[in-house]
$ cat run_13.cif   # mmCIF, C-alpha atoms and all ligand atoms
data_start
#
loop_
_atom_site.label_atom_id
_atom_site.label_comp_id
_atom_site.auth_asym_id
_atom_site.auth_seq_id
_atom_site.Cartn_x
_atom_site.Cartn_y
_atom_site.Cartn_z
CA MET W 1 0.00 0.00 0.00
CA LEU W 2 1.37 3.38 -0.96
CA ASP W 3 1.28 5.95 1.81
CA LEU W 4 0.89 8.92 -0.51
CA PRO W 5 -2.04 11.31 -0.66
CA VAL W 6 -4.01 11.18 -3.91
CA LEU W 7 -3.72 14.55 -5.57
CA ARG W 8 -6.31 16.27 -7.72
CA ASP W 9 -4.64 19.58 -8.46
CA ASP W 10 -1.07 20.66 -8.89
CA LYS W 11 0.30 17.28 -9.93
CA PRO W 12 3.89 17.23 -11.16
CA ARG W 13 4.17 16.77 -14.92
CA VAL W 14 5.99 13.65 -16.10
CA GLY W 15 6.91 12.69 -19.66
CA VAL W 16 6.03 9.12 -20.67
CA SER W 17 6.91 6.99 -23.69
CA ALA W 18 3.62 6.92 -25.59
CA CYS W 19 3.73 3.16 -26.23
CA LEU W 20 3.59 2.54 -22.43
CA LEU W 21 0.21 4.28 -22.39
CA GLY W 22 -1.16 1.99 -25.09
CA ARG W 23 -0.54 4.17 -28.15
CA LEU W 24 0.04 2.13 -31.31
CA VAL W 25 3.32 3.83 -32.20
CA ARG W 26 5.96 1.07 -32.05
CA TYR W 27 7.95 0.04 -35.12
CA ASN W 28 5.62 -2.97 -35.59
CA GLY W 29 2.44 -0.90 -35.19
CA GLU W 30 1.78 -2.23 -31.69
CA ALA W 31 1.81 -0.76 -28.17
CA LYS W 32 3.45 -1.89 -24.91
CA ARG W 33 0.80 -0.73 -22.47
CA HIS W 34 1.97 -0.92 -18.86
CA GLY W 35 -0.82 -1.12 -16.30
CA THR W 36 1.05 0.47 -13.40
CA VAL W 37 2.13 3.42 -15.51
CA ALA W 38 -1.17 3.89 -17.35
CA ASP W 39 -3.60 3.21 -14.48
CA VAL W 40 -1.87 3.77 -11.12
CA LEU W 41 0.59 6.63 -11.46
CA PRO W 42 -1.96 9.21 -12.73
CA ARG W 43 -3.22 9.39 -9.12
CA TRP W 44 -0.15 11.50 -8.33
CA LEU W 45 1.27 12.60 -11.66
CA GLN W 46 0.02 14.23 -14.85
CA PHE W 47 1.46 12.86 -18.06
CA THR W 48 2.74 14.32 -21.29
CA GLU W 49 3.21 11.63 -23.96
CA TYR W 50 6.25 11.49 -26.21
CA CYS W 51 7.12 9.16 -29.06
CA PRO W 52 10.40 10.57 -30.35
CA GLU W 53 10.56 8.27 -33.39
CA VAL W 54 7.14 9.44 -34.58
CA ALA W 55 7.97 13.04 -33.63
CA ILE W 56 10.97 13.05 -35.98
CA GLY W 57 8.78 11.89 -38.85
CA LEU W 58 9.17 8.10 -38.99
CA PRO W 59 6.01 6.25 -40.04
CA VAL W 60 4.08 3.51 -38.20
CA PRO W 61 4.92 0.75 -38.91
CA ARG W 62 8.60 1.24 -39.78
CA PRO W 63 11.79 -0.82 -39.95
CA PRO W 64 13.32 -1.29 -36.46
CA VAL W 65 16.49 0.60 -35.54
CA ASP W 66 19.43 -0.38 -33.32
CA ILE W 67 22.29 1.45 -31.65
CA ILE W 68 25.47 0.52 -33.51
CA ALA W 69 29.02 1.29 -32.41
CA THR W 70 31.02 2.57 -35.38
CA GLU W 71 34.47 4.08 -35.80
CA THR W 72 32.92 7.55 -35.72
CA GLY W 73 30.71 6.92 -32.66
CA GLN W 74 27.28 5.44 -31.91
CA GLN W 75 24.69 5.55 -34.68
CA ILE W 76 20.97 4.83 -34.33
CA ARG W 77 19.83 3.27 -37.59
CA ASN W 78 18.44 0.19 -39.27
CA ARG W 79 21.16 -2.41 -39.78
CA ASP W 80 20.01 -3.16 -43.34
CA GLY W 81 20.10 0.50 -44.34
CA LEU W 82 16.30 0.92 -44.42
CA VAL W 83 16.44 3.83 -41.93
CA ALA W 84 19.44 6.20 -42.03
CA ASP W 85 21.14 7.44 -38.85
CA ILE W 86 18.52 9.27 -36.73
CA THR W 87 20.79 10.12 -33.78
CA ASP W 88 20.89 13.87 -34.45
CA ALA W 89 17.12 14.03 -35.02
CA LEU W 90 16.46 12.26 -31.69
CA HIS W 91 18.80 14.70 -29.94
CA ALA W 92 16.94 17.63 -31.47
CA CYS W 93 13.65 16.13 -30.26
CA ALA W 94 15.02 15.98 -26.69
CA ASP W 95 16.31 19.55 -27.05
CA ASP W 96 12.73 20.60 -27.82
CA VAL W 97 11.37 18.83 -24.72
CA CYS W 98 13.96 20.37 -22.38
CA GLN W 99 13.96 23.85 -23.82
CA GLN W 100 10.22 24.40 -24.05
CA ASN W 101 10.38 27.30 -21.63
CA ALA W 102 12.87 29.14 -23.77
CA ARG W 103 10.92 28.37 -26.92
CA THR W 104 7.50 29.63 -27.89
CA ASP W 105 5.18 28.30 -25.17
CA LYS W 106 5.61 28.67 -21.42
CA THR W 107 5.43 24.96 -20.62
CA PRO W 108 8.44 24.07 -18.47
CA PRO W 109 10.42 20.86 -19.02
CA PRO W 110 8.91 17.80 -17.28
CA ASP W 111 9.53 17.00 -13.60
CA GLY W 112 10.41 13.39 -14.43
CA MET W 113 10.38 10.81 -17.21
CA ILE W 114 9.10 7.22 -17.54
CA LEU W 115 10.71 5.70 -20.61
CA LYS W 116 10.42 2.38 -22.44
CA ALA W 117 13.14 -0.04 -21.38
CA ARG W 118 15.75 -1.12 -23.97
CA SER W 119 14.43 1.14 -26.73
CA PRO W 120 17.15 2.56 -29.04
CA SER W 121 15.41 5.93 -28.70
CA CYS W 122 13.81 5.95 -25.23
CA GLY W 123 15.81 3.38 -23.21
CA PRO W 124 17.28 5.06 -20.11
CA GLY W 125 20.62 3.29 -19.84
CA ASN W 126 19.70 -0.32 -20.61
CA THR W 127 19.55 -0.43 -24.42
CA PRO W 128 21.77 -3.02 -26.19
CA LEU W 129 24.79 -1.57 -27.98
CA LEU W 130 25.67 -3.65 -31.06
CA ASN W 131 28.75 -3.90 -33.21
CA THR W 132 28.45 -3.69 -36.99
CA ASN W 133 27.93 -7.47 -37.13
CA GLY W 134 24.87 -7.22 -34.91
CA GLN W 135 26.50 -8.70 -31.79
CA GLN W 136 25.80 -7.05 -28.44
CA ILE W 137 28.93 -5.48 -26.96
CA GLY W 138 27.41 -3.47 -24.13
CA ILE W 139 24.47 -1.35 -23.00
CA THR W 140 23.84 2.35 -23.45
CA HIS W 141 21.20 5.10 -23.38
CA GLY W 142 18.72 5.48 -26.21
CA GLY W 143 19.33 8.63 -28.26
CA PHE W 144 16.38 10.61 -26.85
CA ALA W 145 17.13 9.55 -23.25
CA ALA W 146 20.84 10.33 -23.56
CA ARG W 147 20.15 13.90 -24.61
CA LEU W 148 17.54 14.38 -21.85
CA LYS W 149 20.19 13.26 -19.34
CA THR W 150 22.62 15.83 -20.69
CA HIS W 151 20.10 18.67 -20.35
CA CYS W 152 18.54 17.62 -17.03
CA PRO W 153 21.00 15.35 -15.18
CA ASP W 154 19.05 15.50 -11.89
CA MET W 155 15.59 14.85 -13.36
CA PRO W 156 14.16 11.50 -12.10
CA MET W 157 14.17 9.11 -15.05
CA VAL W 158 13.12 5.44 -14.89
CA HIS W 159 11.96 2.68 -17.20
CA GLU W 160 8.76 0.74 -16.62
CA GLU W 161 10.56 -2.34 -15.24
CA GLN W 162 11.77 -0.20 -12.33
CA LEU W 163 8.16 0.44 -11.26
CA VAL W 164 7.10 -2.98 -10.01
CA ARG W 165 7.26 -2.92 -6.20
CA ALA W 166 5.14 -0.44 -4.23
CA VAL W 167 8.25 1.01 -2.58
CA ASP W 168 9.84 1.69 -5.98
CA ILE W 169 6.72 3.48 -7.19
CA GLU W 170 6.57 5.52 -3.99
CA VAL W 171 10.23 6.49 -4.22
CA PHE W 172 9.84 7.56 -7.85
CA VAL W 173 6.82 9.72 -7.03
CA LEU W 174 8.68 11.27 -4.07
CA ARG W 175 11.73 11.98 -6.22
CA VAL W 176 9.52 13.68 -8.82
CA PHE W 177 7.89 15.83 -6.12
CA LEU W 178 11.28 16.70 -4.68
CA TYR W 179 12.63 17.67 -8.09
CA ARG W 180 9.57 19.78 -8.85
CA GLU W 181 9.77 21.54 -5.48
CA GLN W 182 13.49 22.15 -5.89
CA ARG W 183 12.76 23.97 -9.12
CA ARG W 184 9.99 25.98 -7.47
CA TRP W 185 12.21 26.95 -4.56
CA GLY W 186 14.52 28.45 -7.11
CA ASN W 187 11.82 31.07 -7.72
CA ASP W 188 9.69 31.15 -4.62
CA GLY W 189 11.94 30.51 -1.63
CA LYS W 190 11.78 27.54 0.73
CA ASN W 191 8.49 25.84 1.50
CA VAL W 192 9.05 24.93 5.12
CA ALA W 193 5.79 23.05 5.74
CA TRP W 194 6.17 21.02 2.58
CA CYS W 195 9.75 20.25 3.50
CA ARG W 196 8.74 19.00 6.97
CA ASP W 197 6.03 16.80 5.49
CA MET W 198 8.39 15.40 2.87
CA ARG W 199 11.02 14.58 5.47
CA ALA W 200 8.41 12.70 7.55
CA ARG W 201 7.31 10.70 4.51
CA ILE W 202 10.85 9.81 3.57
CA MET W 203 11.48 8.53 7.10
CA THR W 204 8.67 5.97 6.72
CA LEU W 205 10.34 4.28 3.75
CA PRO W 206 11.67 0.79 4.55
CA SER W 207 15.08 1.00 2.86
CA THR W 208 17.87 2.77 4.75
CA ASP W 209 19.74 3.45 1.51
CA ILE W 210 16.74 5.03 -0.18
CA ARG W 211 15.95 7.10 2.93
CA ALA W 212 19.52 8.37 3.05
CA ARG W 213 19.55 9.24 -0.66
CA LEU W 214 16.27 11.15 -0.57
CA LEU W 215 17.12 12.98 2.66
CA GLN W 216 20.45 13.99 1.17
CA GLN W 217 18.66 15.38 -1.86
CA LEU W 218 16.25 17.28 0.38
CA GLU W 219 19.01 18.69 2.62
CA LYS W 220 21.04 19.74 -0.40
CA GLN W 221 18.21 21.91 -1.61
CA VAL W 222 17.30 23.33 1.81
CA THR W 223 20.86 24.47 2.48
CA LYS W 224 21.34 25.76 -1.07
CA LYS W 225 19.42 28.98 -0.47
S1 LIG N 301 9.91 3.23 -27.16
FE1 LIG N 301 9.83 5.43 -27.53
S2 LIG N 301 10.29 5.68 -29.71
FE2 LIG N 301 9.75 3.52 -29.39
S3 LIG N 301 7.55 3.42 -29.80
FE3 LIG N 301 7.77 3.73 -27.60
S4 LIG N 301 7.64 5.97 -27.37
FE4 LIG N 301 8.06 5.57 -29.53
#
$ encode --input "run_13.cif" --output "structure tokens" --more "lines below"
Ligand code: SF4
Amino acid sequence: MLDLPVLRDDKPRVGVSACLLGRLVRYNGEAKRHGTVADVLPRWLQFTEYCPEVAIGLPVPRPPVDIIATETGQQIRNRDGLVADITDALHACADDVCQQNARTDKTPPPDGMILKARSPSCGPGNTPLLNTNGQQIGITHGGFAARLKTHCPDMPMVHEEQLVRAVDIEVFVLRVFLYREQRRWGNDGKNVAWCRDMRARIMTLPSTDIRARLLQQLEKQVTKK
């Protein structure tokens, strides 16, 4: 059971890979709907959907792409040459997401991201890295996720397989709230009551390591101002 209040207003905004919400946007025309993400997390978070491969103009369905290590660096492309290298386009898509405030609208960048595991575009750190013969030689970030990390290194970012146990879901939601509040404090000064409540919630978490990590994050922000 999650010990978090269900929010109606003022939910943090989290970006989500559209296929996890059931959108038929994958290379094979299918979705990868994830029940916890689609049905449970909206109690505390509001979502903005992203499918970077569709956003850069690829059709549905489309040939699958991989991340391939070459002499000139990693390339995200189809191994049979059916889709040319889309690395730069995926980076530009992430630039758009993170720089929305400086662009035309006033929507700030998200307070967190839930991304599809192992995707060459969305995978946050667990996507296979292949050599030119198609053999796996390591793991890496998908192109979209890698660029998001560069822009917003502290933004909470997980894949759906990290949201299985109740404690993991609770910690992710708390991290998103913390991150959002940190950004607000930058403009509005410290929120003492919120800070006290957050500290109390963190102290109820069962894992000593997670408690220590979240409290450290909280203290860092409180002492920053
Ligand atoms: S993993 Fe990302 S790029 Fe691939 S279909 Fe899902 S949202 Fe689109």
$ residues_near_ligand --input "run_13.cif" --ligand "ligand LIG 301 (chain N)" --cutoff "8 Å" --atoms "only C-alpha atoms and all ligand atoms" --output "list in words"
Val16, Ser17, Ala18, Cys19, Leu20, Leu24, Val25, Arg26, Tyr27, Ala31, Lys32, Glu49, Tyr50, Cys51, Pro52, Glu53, Val54, Leu115, Lys116, Ala117, Arg118, Ser119, Pro120, Ser121, Cys122 and Gly123 of chain W
$ closest_residue --input "run_13.cif" --among "W:Pro108, W:Pro128, W:Pro63, W:Gly143" --to "Val83 of chain W" --atoms "all atoms listed in the file"
W:Pro63
$ atom_distance --input "run_13.cif" --atom1 "atom CA of Lys149 of chain W" --atom2 "atom CA of Gly22 of chain W"
24.8 Å
$ closest_residue --input "run_13.cif" --among "W:Asp39, W:Ile67, W:Leu174, W:Ala89" --to "Gly138 of chain W" --atoms "all atoms listed in the file"
W:Ile67
$ atom_distance --input "run_13.cif" --atom1 "atom CA of Ile68 of chain W" --atom2 "atom CA of Asn133 of chain W"
9.1 Å
$ atom_distance --input "run_13.cif" --atom1 "atom CA of Arg180 of chain W" --atom2 "atom CA of Ser207 of chain W"
22.8 Å
$ residues_around --input "run_13.cif" --residues "Ala200 of chain W" --least-positions-apart "2" --cutoff "12 Å" --atoms "all atoms listed in the file" --output "ChimeraX atom specification"
/W:3-4,174,193-198,202-205,211,214-215,218
$ residues_near_point --input "run_13.cif" --point "(12.5, -0.9, -40.5)" --cutoff "7 Å" --atoms "only C-alpha atoms" --output "PyMOL selection string"
chain W and resi 62-65+78+82-83
$ write_last_selection --input "run_13.cif" --atoms "C-alpha atoms" --output "JSON list (two decimals), in the coordinates of the input"
[["chain", "number", "residue", "atom", "x", "y", "z"],
["W", 62, "ARG", "CA", 8.60, 1.24, -39.78],
["W", 63, "PRO", "CA", 11.79, -0.82, -39.95],
["W", 64, "PRO", "CA", 13.32, -1.29, -36.46],
["W", 65, "VAL", "CA", 16.49, 0.60, -35.54],
["W", 78, "ASN", "CA", 18.44, 0.19, -39.27],
["W", 82, "LEU", "CA", 16.30, 0.92, -44.42],
["W", 83, "VAL", "CA", 16.44, 3.83, -41.93]]
$ closest_residue --input "run_13.cif" --among "W:Pro110, W:Gly81, W:Pro156, W:Gly57" --to "Val176 of chain W" --atoms "only C-alpha atoms"
W:Pro156
$ closest_residue --input "run_13.cif" --among "W:Arg33, W:Val40, W:Ala69, W:Arg23" --to "Leu130 of chain W" --atoms "all atoms listed in the file"
W:Ala69
$ closest_residue --input "run_13.cif" --among "W:Ala166, W:Leu58, W:Val173, W:Val97" --to "Ala145 of chain W" --atoms "only C-alpha atoms"
W:Val97
$ closest_residue --input "run_13.cif" --among "W:Gln135, W:Ile114, W:Asp66, W:Gln74" --to "Ile169 of chain W" --atoms "all atoms listed in the file"
W:Ile114
$ residues_around --input "run_13.cif" --residues "Gly125 of chain W" --least-positions-apart "5" --cutoff "8 Å" --atoms "all atoms listed in the file" --output "JSON, numbers by chain"
{"W": [118, 139, 140, 141, 142, 145, 146]}
